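Coordinates from work16.csv are shown below (CSV, C-alpha atoms).
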```csv
chain,number,residue,atom,x,y,z
Z,1,MET,CA,3.3,-34.4,-1.6
Z,2,ALA,CA,5.0,-32.3,1.2
Z,3,GLU,CA,8.2,-32.4,-0.8
Z,4,VAL,CA,6.5,-30.7,-3.7
Z,5,GLU,CA,5.0,-27.9,-1.5
Z,6,GLN,CA,8.2,-27.1,0.4
Z,7,PRO,CA,9.9,-24.9,-2.4
Z,8,ASN,CA,6.6,-22.9,-2.8
Z,9,LEU,CA,6.5,-22.4,1.0
Z,10,TRP,CA,10.1,-20.9,1.0
Z,11,LEU,CA,9.2,-18.8,-2.0
Z,12,GLY,CA,6.1,-17.5,-0.2
Z,13,LEU,CA,8.1,-16.6,2.9
Z,14,PHE,CA,10.7,-14.8,0.8
Z,15,GLY,CA,7.9,-12.9,-0.8
Z,16,VAL,CA,6.5,-11.9,2.6
Z,17,SER,CA,10.0,-10.6,3.6
Z,18,VAL,CA,10.3,-8.5,0.4
Z,19,ALA,CA,6.8,-7.1,0.9
Z,20,LEU,CA,7.6,-6.1,4.4
Z,21,LEU,CA,10.5,-4.0,3.3
Z,22,GLY,CA,9.0,-2.5,0.2
Z,23,TRP,CA,5.6,-1.8,1.6
Z,24,GLY,CA,7.0,-0.6,4.9
Z,25,SER,CA,9.0,2.1,3.1
Z,26,PHE,CA,7.0,3.2,0.1
Z,27,THR,CA,5.3,6.1,2.0
Z,28,LEU,CA,8.6,7.7,2.8
Z,29,PRO,CA,8.9,9.8,-0.4
Z,30,MET,CA,5.4,11.1,0.2
Z,31,LYS,CA,6.8,13.1,3.0
Z,32,ALA,CA,9.9,14.3,1.2
Z,33,LYS,CA,10.6,18.0,1.8
Z,34,ASP,CA,10.2,18.9,-1.9
Z,35,VAL,CA,6.8,17.2,-2.1
Z,36,ALA,CA,5.6,18.9,1.1
Z,37,ALA,CA,7.0,22.3,0.0
Z,38,ALA,CA,5.3,22.1,-3.4
Z,39,ASN,CA,2.0,21.2,-1.7
Z,40,LEU,CA,1.7,18.7,-4.5
Z,41,ASP,CA,-1.8,17.5,-5.5
Z,42,SER,CA,-2.4,14.0,-4.4
Z,43,MET,CA,-3.6,12.8,-7.9
Z,44,VAL,CA,-0.3,14.1,-9.4
Z,45,PHE,CA,1.7,12.1,-6.9
Z,46,ASN,CA,-0.5,9.1,-7.6
Z,47,MET,CA,0.3,9.4,-11.3
Z,48,TYR,CA,4.1,9.5,-10.6
Z,49,MET,CA,3.7,6.5,-8.4
Z,50,GLY,CA,2.0,4.7,-11.3
Z,51,ILE,CA,5.0,5.5,-13.5
Z,52,GLY,CA,7.3,4.2,-10.9
Z,53,VAL,CA,5.4,0.9,-10.6
Z,54,ALA,CA,5.4,0.5,-14.4
Z,55,LEU,CA,9.1,1.3,-14.9
Z,56,SER,CA,10.2,-1.0,-12.0
Z,57,SER,CA,8.2,-3.8,-13.5
Z,58,LEU,CA,9.9,-3.7,-16.9
Z,59,PRO,CA,13.2,-5.5,-15.9
Z,60,ILE,CA,11.1,-8.6,-15.3
Z,61,LEU,CA,10.9,-8.9,-19.0
Z,62,LEU,CA,14.7,-9.6,-19.1
Z,63,PHE,CA,14.0,-12.9,-17.3
Z,64,LEU,CA,10.5,-13.9,-18.3
Z,65,PRO,CA,8.6,-13.8,-21.6
Z,66,TRP,CA,5.8,-11.2,-22.0
Z,67,ASN,CA,2.4,-12.4,-21.0
Z,68,PHE,CA,-0.7,-10.3,-20.3
Z,69,THR,CA,-4.1,-10.9,-18.7
Z,70,TRP,CA,-6.9,-8.4,-18.3
Z,71,TRP,CA,-7.1,-9.5,-14.7
Z,72,SER,CA,-4.0,-7.5,-14.1
Z,73,THR,CA,-5.8,-4.4,-15.3
Z,74,ALA,CA,-8.7,-5.2,-13.0
Z,75,GLY,CA,-6.3,-5.4,-10.1
Z,76,ALA,CA,-4.8,-2.1,-11.1
Z,77,ALA,CA,-8.3,-0.5,-11.3
Z,78,LEU,CA,-8.9,-1.5,-7.7
Z,79,PHE,CA,-5.5,-0.4,-6.5
Z,80,ALA,CA,-5.4,3.0,-8.3
Z,81,PRO,CA,-8.1,4.6,-6.0
Z,82,GLY,CA,-6.7,2.7,-3.0
Z,83,CYS,CA,-3.3,4.2,-3.7
Z,84,LEU,CA,-4.8,7.7,-3.9
Z,85,PHE,CA,-6.3,7.1,-0.5
Z,86,CYS,CA,-2.8,6.1,0.8
Z,87,VAL,CA,-1.4,9.4,-0.3
Z,88,LEU,CA,-4.4,11.3,1.3
Z,89,THR,CA,-4.2,9.3,4.5
Z,90,VAL,CA,-0.5,10.0,5.0
Z,91,GLU,CA,-1.4,13.7,4.7
Z,92,TRP,CA,-4.3,13.3,7.1
Z,93,ILE,CA,-2.8,11.2,9.9
Z,94,GLY,CA,0.8,10.4,8.9
Z,95,ILE,CA,2.8,7.3,8.0
Z,96,ALA,CA,3.0,5.5,11.3
Z,97,LYS,CA,-0.7,5.7,12.4
Z,98,GLY,CA,-2.1,5.6,8.9
Z,99,GLN,CA,-0.2,2.6,7.7
Z,100,ALA,CA,-0.7,0.7,10.9
Z,101,ILE,CA,-4.5,1.1,10.7
Z,102,TRP,CA,-4.8,0.4,7.0
Z,103,ALA,CA,-2.5,-2.6,7.3
Z,104,GLY,CA,-5.0,-4.2,9.7
Z,105,CYS,CA,-7.9,-3.3,7.4
Z,106,VAL,CA,-6.2,-4.7,4.3
Z,107,ALA,CA,-5.3,-7.9,6.2
Z,108,LEU,CA,-8.8,-8.4,7.3
Z,109,GLN,CA,-10.3,-7.7,3.9
Z,110,SER,CA,-7.9,-10.0,2.1
Z,111,PHE,CA,-8.6,-12.8,4.6
Z,112,LEU,CA,-12.4,-12.4,4.0
Z,113,CYS,CA,-11.8,-12.5,0.2
Z,114,GLY,CA,-9.8,-15.7,0.5
Z,115,PHE,CA,-12.3,-17.3,2.9
Z,116,PHE,CA,-15.6,-16.4,1.3
Z,117,TYR,CA,-14.7,-16.1,-2.4
Z,118,PHE,CA,-11.9,-18.8,-2.8
Z,119,GLY,CA,-13.1,-21.2,-0.1
Z,120,GLU,CA,-9.7,-21.1,1.7
Z,121,ASN,CA,-11.1,-22.9,4.7
Z,122,PRO,CA,-9.1,-22.2,7.9
Z,123,SER,CA,-7.7,-25.2,9.8
Z,124,ASN,CA,-9.2,-23.8,13.0
Z,125,LEU,CA,-12.2,-21.6,12.5
Z,126,PRO,CA,-12.7,-20.5,16.2
Z,127,LEU,CA,-9.0,-19.4,16.6
Z,128,THR,CA,-9.2,-17.7,13.2
Z,129,LEU,CA,-12.2,-15.7,14.3
Z,130,VAL,CA,-10.3,-14.8,17.5
Z,131,GLY,CA,-7.4,-13.6,15.4
Z,132,GLY,CA,-9.8,-11.4,13.4
Z,133,LEU,CA,-11.3,-9.9,16.6
Z,134,ILE,CA,-7.9,-9.3,18.1
Z,135,LEU,CA,-6.8,-7.6,14.8
Z,136,LEU,CA,-9.9,-5.3,15.0
Z,137,SER,CA,-9.1,-4.5,18.6
Z,138,GLY,CA,-5.6,-3.4,17.6
Z,139,ILE,CA,-7.0,-1.2,14.9
Z,140,GLY,CA,-9.4,0.4,17.5
Z,141,LEU,CA,-6.5,1.0,19.9
Z,142,LEU,CA,-4.4,2.6,17.2
Z,143,SER,CA,-7.2,5.0,16.4
Z,144,PHE,CA,-6.6,6.6,19.8
Z,145,VAL,CA,-2.9,7.4,19.1
Z,146,GLU,CA,-2.3,11.1,19.1
Z,147,VAL,CA,-0.4,12.3,16.0
Z,148,SER,CA,1.7,15.5,16.0
Z,149,PRO,CA,0.6,18.2,13.6
Z,150,PRO,CA,2.4,18.0,10.2
Z,151,GLY,CA,3.5,21.6,10.6
Z,152,ASP,CA,5.7,20.6,13.5
Z,153,GLU,CA,7.8,18.2,11.4
Z,154,GLY,CA,10.3,20.8,10.3
Z,155,GLU,CA,8.5,22.1,7.2
Z,156,SER,CA,8.6,25.9,7.0
Z,157,ALA,CA,6.9,28.6,4.9
Z,158,PRO,CA,10.3,29.9,3.7
Z,159,LEU,CA,11.0,26.5,2.3
Z,160,LYS,CA,7.7,26.5,0.4
Z,161,GLN,CA,8.5,30.0,-1.0
Z,162,ARG,CA,12.0,28.9,-2.1
Z,163,ALA,CA,10.5,25.9,-3.9
Z,164,ALA,CA,8.1,28.2,-5.7
Z,165,ASP,CA,10.9,30.6,-6.7
Z,166,ALA,CA,13.0,27.7,-7.9
Z,167,GLU,CA,10.3,26.7,-10.3
Z,168,GLY,CA,10.3,30.2,-11.7
Z,169,GLY,CA,6.9,31.2,-10.4
Z,170,GLY,CA,7.8,33.7,-7.8
Z,171,ASN,CA,4.7,33.6,-5.8
Z,172,GLY,CA,3.2,31.3,-8.4
Z,173,GLY,CA,1.1,28.5,-7.1
Z,174,TYR,CA,1.5,29.6,-3.5
Z,175,ASN,CA,-0.5,32.8,-3.6
Z,176,GLN,CA,-3.5,30.7,-2.5
Z,177,LEU,CA,-1.6,29.3,0.4
Z,178,ASP,CA,-2.3,32.3,2.6
Z,179,HIS,CA,-2.8,30.1,5.7
Z,180,PRO,CA,-0.1,27.4,5.5
Z,181,LYS,CA,-0.5,26.4,9.2
Z,182,THR,CA,-4.2,25.8,9.0
Z,183,GLU,CA,-3.8,23.6,5.9
Z,184,LYS,CA,-1.6,21.2,7.7
Z,185,LYS,CA,-3.8,19.7,10.3
Z,186,VAL,CA,-4.2,16.2,11.7
Z,187,GLN,CA,-7.6,15.0,10.5
Z,188,PRO,CA,-8.4,11.8,12.3
Z,189,MET,CA,-11.9,11.1,11.0
Z,190,LYS,CA,-10.8,11.6,7.4
Z,191,GLY,CA,-7.8,9.4,8.1
Z,192,LEU,CA,-9.9,6.6,9.5
Z,193,PHE,CA,-12.2,6.8,6.5
Z,194,GLY,CA,-9.2,6.6,4.2
Z,195,CYS,CA,-7.9,3.5,6.0
Z,196,VAL,CA,-11.2,1.8,5.6
Z,197,MET,CA,-11.3,2.6,1.9
Z,198,ILE,CA,-7.7,1.4,1.5
Z,199,GLY,CA,-8.7,-1.9,3.3
Z,200,LEU,CA,-11.6,-2.4,1.0
Z,201,LEU,CA,-9.8,-1.6,-2.3
Z,202,CYS,CA,-6.2,-2.8,-1.7
Z,203,GLY,CA,-7.4,-5.7,0.3
Z,204,SER,CA,-9.3,-6.9,-2.8
Z,205,CYS,CA,-6.8,-6.0,-5.5
Z,206,MET,CA,-5.1,-9.5,-5.3
Z,207,VAL,CA,-8.4,-11.2,-6.1
Z,208,PRO,CA,-8.0,-10.6,-9.8
Z,209,PHE,CA,-4.5,-12.2,-9.5
Z,210,ARG,CA,-6.0,-15.3,-8.1
Z,211,LEU,CA,-8.5,-15.3,-11.0
Z,212,ALA,CA,-5.8,-15.0,-13.6
Z,213,PRO,CA,-4.9,-18.2,-15.6
Z,214,GLU,CA,-2.8,-20.5,-13.5
Z,215,LYS,CA,-0.1,-20.6,-16.1
Z,216,PRO,CA,2.0,-18.5,-16.1
Z,217,PHE,CA,0.4,-16.1,-13.6
Z,218,GLN,CA,0.3,-18.5,-10.6
Z,219,ASP,CA,3.2,-20.6,-11.5
Z,220,GLY,CA,6.0,-20.0,-9.0
Z,221,ILE,CA,8.7,-17.6,-10.2
Z,222,ASP,CA,6.9,-17.1,-13.5
Z,223,SER,CA,4.0,-15.5,-11.7
Z,224,ALA,CA,6.1,-12.3,-11.4
Z,225,ILE,CA,5.1,-11.5,-15.0
Z,226,TYR,CA,1.7,-10.5,-13.6
Z,227,ALA,CA,3.4,-7.4,-12.1
Z,228,VAL,CA,4.3,-6.1,-15.6
Z,229,GLY,CA,0.7,-5.9,-16.9
Z,230,PHE,CA,-0.4,-4.6,-13.5
Z,231,GLY,CA,2.2,-1.8,-13.5
Z,232,ILE,CA,1.5,-0.7,-17.1
Z,233,SER,CA,-2.2,-0.8,-16.5
Z,234,LEU,CA,-1.8,1.3,-13.3
Z,235,MET,CA,0.2,3.9,-15.1
Z,236,VAL,CA,-2.3,4.2,-17.9
Z,237,ILE,CA,-5.3,4.4,-15.5
Z,238,ASN,CA,-3.7,7.1,-13.4
Z,239,MET,CA,-2.8,9.2,-16.5
Z,240,VAL,CA,-6.3,8.8,-17.9
Z,241,VAL,CA,-7.9,9.8,-14.7
Z,242,LEU,CA,-5.7,12.9,-14.4
Z,243,ALA,CA,-6.4,13.8,-18.0
Z,244,ILE,CA,-10.2,13.5,-17.4
Z,245,ARG,CA,-9.9,15.8,-14.4
Z,246,ALA,CA,-8.0,18.3,-16.6
Z,247,LEU,CA,-10.8,18.3,-19.1
Z,248,VAL,CA,-13.7,18.6,-16.8
Z,249,SER,CA,-12.2,20.7,-14.0
Z,250,ASP,CA,-8.6,21.9,-13.6
Z,251,MET,CA,-5.1,20.7,-14.2
Z,252,PRO,CA,-3.0,20.8,-11.1
Z,253,GLU,CA,0.7,21.8,-11.1
Z,254,LEU,CA,2.9,18.9,-11.9
Z,255,HIS,CA,6.1,20.1,-10.2
Z,256,ILE,CA,8.1,17.7,-12.4
Z,257,ASN,CA,11.6,19.0,-11.4
Z,258,THR,CA,11.0,18.5,-7.6
Z,259,CYS,CA,8.3,15.9,-7.2
Z,260,ALA,CA,8.5,13.4,-10.1
Z,261,LEU,CA,11.5,11.5,-8.7
Z,262,PRO,CA,10.0,11.0,-5.1
Z,263,GLY,CA,6.8,9.8,-6.7
Z,264,ILE,CA,8.6,7.3,-9.0
Z,265,VAL,CA,10.7,6.1,-6.1
Z,266,SER,CA,7.6,5.6,-4.0
Z,267,GLY,CA,6.0,3.5,-6.8
Z,268,ALA,CA,9.2,1.4,-7.3
Z,269,LEU,CA,9.3,0.7,-3.5
Z,270,TRP,CA,5.7,-0.3,-3.5
Z,271,ASN,CA,6.2,-2.5,-6.5
Z,272,ALA,CA,9.0,-4.4,-4.9
Z,273,GLY,CA,6.5,-5.1,-2.1
Z,274,ASN,CA,3.9,-6.1,-4.7
Z,275,ILE,CA,6.2,-8.6,-6.4
Z,276,GLY,CA,7.0,-10.1,-3.1
Z,277,ASN,CA,3.3,-10.2,-2.3
Z,278,ILE,CA,2.6,-12.1,-5.5
Z,279,PHE,CA,4.8,-14.9,-4.3
Z,280,ALA,CA,3.4,-14.7,-0.8
Z,281,CYS,CA,-0.2,-15.3,-2.1
Z,282,LEU,CA,0.7,-18.5,-3.9
Z,283,PRO,CA,-0.1,-21.8,-2.2
Z,284,PRO,CA,0.5,-23.1,0.4
Z,285,LEU,CA,0.2,-19.7,2.2
Z,286,GLY,CA,-2.7,-18.6,-0.1
Z,287,LEU,CA,-4.5,-15.2,-0.2
Z,288,SER,CA,-6.0,-15.6,3.3
Z,289,VAL,CA,-2.6,-16.1,4.9
Z,290,GLY,CA,0.1,-14.7,2.7
Z,291,TYR,CA,-1.5,-11.3,2.2
Z,292,PRO,CA,-2.3,-10.7,5.9
Z,293,LEU,CA,1.3,-11.6,6.9
Z,294,THR,CA,2.7,-9.0,4.5
Z,295,GLN,CA,0.7,-6.3,6.4
Z,296,CYS,CA,3.2,-6.6,9.2
Z,297,CYS,CA,5.0,-3.9,7.2
Z,298,LEU,CA,3.2,-1.6,9.6
Z,299,LEU,CA,6.1,-2.0,12.1
Z,300,VAL,CA,8.6,-0.8,9.4
Z,301,ALA,CA,6.4,2.1,8.5
Z,302,GLY,CA,5.9,2.9,12.2
Z,303,MET,CA,9.6,3.1,12.9
Z,304,TRP,CA,10.0,5.5,9.9
Z,305,GLY,CA,7.2,7.7,11.1
Z,306,ILE,CA,8.4,7.9,14.7
Z,307,THR,CA,12.1,8.1,14.2
Z,308,VAL,CA,12.4,10.1,11.0
Z,309,PHE,CA,9.3,12.3,10.9
Z,310,ASN,CA,8.6,12.6,14.6
Z,311,GLU,CA,4.9,12.0,14.0
Z,312,ILE,CA,4.2,10.4,17.4
Z,313,ARG,CA,5.7,12.0,20.5
Z,314,GLY,CA,5.8,11.2,24.1
Z,315,ALA,CA,6.0,7.9,26.0
Z,316,LYS,CA,2.3,7.5,26.3
Z,317,ALA,CA,1.5,8.0,22.6
Z,318,ILE,CA,4.5,5.9,21.4
Z,319,GLY,CA,3.6,3.2,23.9
Z,320,THR,CA,0.0,3.2,22.7
Z,321,PHE,CA,1.2,2.9,19.1
Z,322,PHE,CA,3.4,-0.1,19.7
Z,323,THR,CA,0.8,-1.8,21.9
Z,324,GLY,CA,-1.8,-1.4,19.1
Z,325,ALA,CA,0.7,-2.5,16.5
Z,326,ALA,CA,1.5,-5.6,18.6
Z,327,VAL,CA,-2.1,-6.4,19.0
Z,328,VAL,CA,-2.6,-6.1,15.2
Z,329,LEU,CA,0.4,-8.4,14.6
Z,330,VAL,CA,-1.0,-11.0,17.0
Z,331,GLY,CA,-4.2,-11.0,15.1
Z,332,ALA,CA,-2.4,-11.3,11.8
Z,333,ILE,CA,-0.2,-14.2,13.2
Z,334,LEU,CA,-3.3,-16.1,14.4
Z,335,LEU,CA,-4.8,-15.7,10.9
Z,336,GLY,CA,-1.5,-17.0,9.6
Z,337,LEU,CA,-1.3,-20.0,11.9
Z,338,TYR,CA,-5.0,-21.1,12.0
Z,339,GLY,CA,-6.4,-19.5,8.8
Z,340,GLN,CA,-4.1,-21.3,6.5
Z,341,ALA,CA,-5.7,-23.0,3.6
Z,342,ALA,CA,-6.2,-26.7,4.0
Z,343,PRO,CA,-3.8,-29.0,2.1
Z,344,THR,CA,-6.7,-30.1,-0.2
Z,345,GLU,CA,-6.9,-26.5,-1.5
Z,346,VAL,CA,-3.2,-26.7,-2.6
Z,347,VAL,CA,-3.7,-29.7,-4.8
Z,348,HIS,CA,-5.3,-28.3,-8.0
```
As structure tokens, the full file:
Amino acid sequence: MAEVEQPNLWLGLFGVSVALLGWGSFTLPMKAKDVAAANLDSMVFNMYMGIGVALSSLPILLFLPWNFTWWSTAGAALFAPGCLFCVLTVEWIGIAKGQAIWAGCVALQSFLCGFFYFGENPSNLPLTLVGGLILLSGIGLLSFVEVSPPGDEGESAPLKQRAADAEGGGNGGYNQLDHPKTEKKVQPMKGLFGCVMIGLLCGSCMVPFRLAPEKPFQDGIDSAIYAVGFGISLMVINMVVLAIRALVSDMPELHINTCALPGIVSGALWNAGNIGNIFACLPPLGLSVGYPLTQCCLLVAGMWGITVFNEIRGAKAIGTFFTGAAVVLVGAILLGLYGQAAPTEVVH
């Protein structure tokens, strides 16, 4: 029996590694200079991300036959608003702090889904609970990290004006930005709210994957076909939501020339992590272990935020961040070691 499970274990660990890199880097394009200069509407960036997710999923069809389940649409419906909160949270509190906190929230929510909904009983319940408490403590510590105001990251008003001129609008679109410095504030309470919503939504979006038919959507390598239906559904959902907004309210500027590519790249990076995550959530790791382990991507995102965007400055703030991140990781590791689904759950 152990010999049968071993290939799946290695596939799951490979999936975790891919998820760490993809999810740890997908927020980078959100802070690209062109996106910041255009003051791009979050829903527009979310739509571009959906296109990137869909396009990057299509090459899977070169290797696997087309299969679709409405459960992938259900997963996309959960992720679409969660992804919008990701974009907003990066604006509110940055990449490093934002992703570190929401990674912990997602890990905890996904474990709870696996434990309560799928009956993925941990091998050691007391230590699993300790891991959950440690993870929450790390989130609490991270909430005290001071983030430098976005306006200090090198973005300037002349850059915004040049972006407006380049798009042929002169002052167009930027007339209303009379107070650019007051717009770009760190908003910790909104950021924490965003992280909680990301945890609830994105931490649950793999539940439909587990509810999908076992073949082919939970069948080793073949399970990657789930990502195609998910990506197409996400693109359609985001486009429909933006179209409804245009009908009932206003249509935001699309800034296609300067902002479409960063959004598509962000979606493609996220989707690489998502495909890795699909493999990570297969037995024997399971939803309660595989998904929390992928949230260690917070270290990758933290390094980007600190070294590239200078979001967290000073020894005290950086030390607090890495201490909190380490505490979150310890909690996630405990969930991984002692929250692993019992072997009887693997035999199905």
Nearest candidate to Ala74 of chain Z (options Z:Val18, Z:Met197, Z:Val35, Z:Leu211; using all atoms listed in the file):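 Of the candidates, the smallest distance to Ala74 of chain Z is held by Z:Leu211.
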Which residue gives the smallest distance to Val145 of chain Z among Z:Leu200, Z:Leu13, Z:Val130, Z:Ile93, with all atoms listed in the file counted? Z:Ile93
Write out as a VMD selection string each polymer residue whose atoms come within 12 Å of Ala243 of chain Z, counting only C-alpha atoms; drop sequence neighbours fewer than 6 positions from it. chain Z and resid 43 to 44 47 236 to 237 249 to 252
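Separating atom CA of Gly138 of chain Z from atom CA of Lys97 of chain Z is a distance of 11.6 Å.
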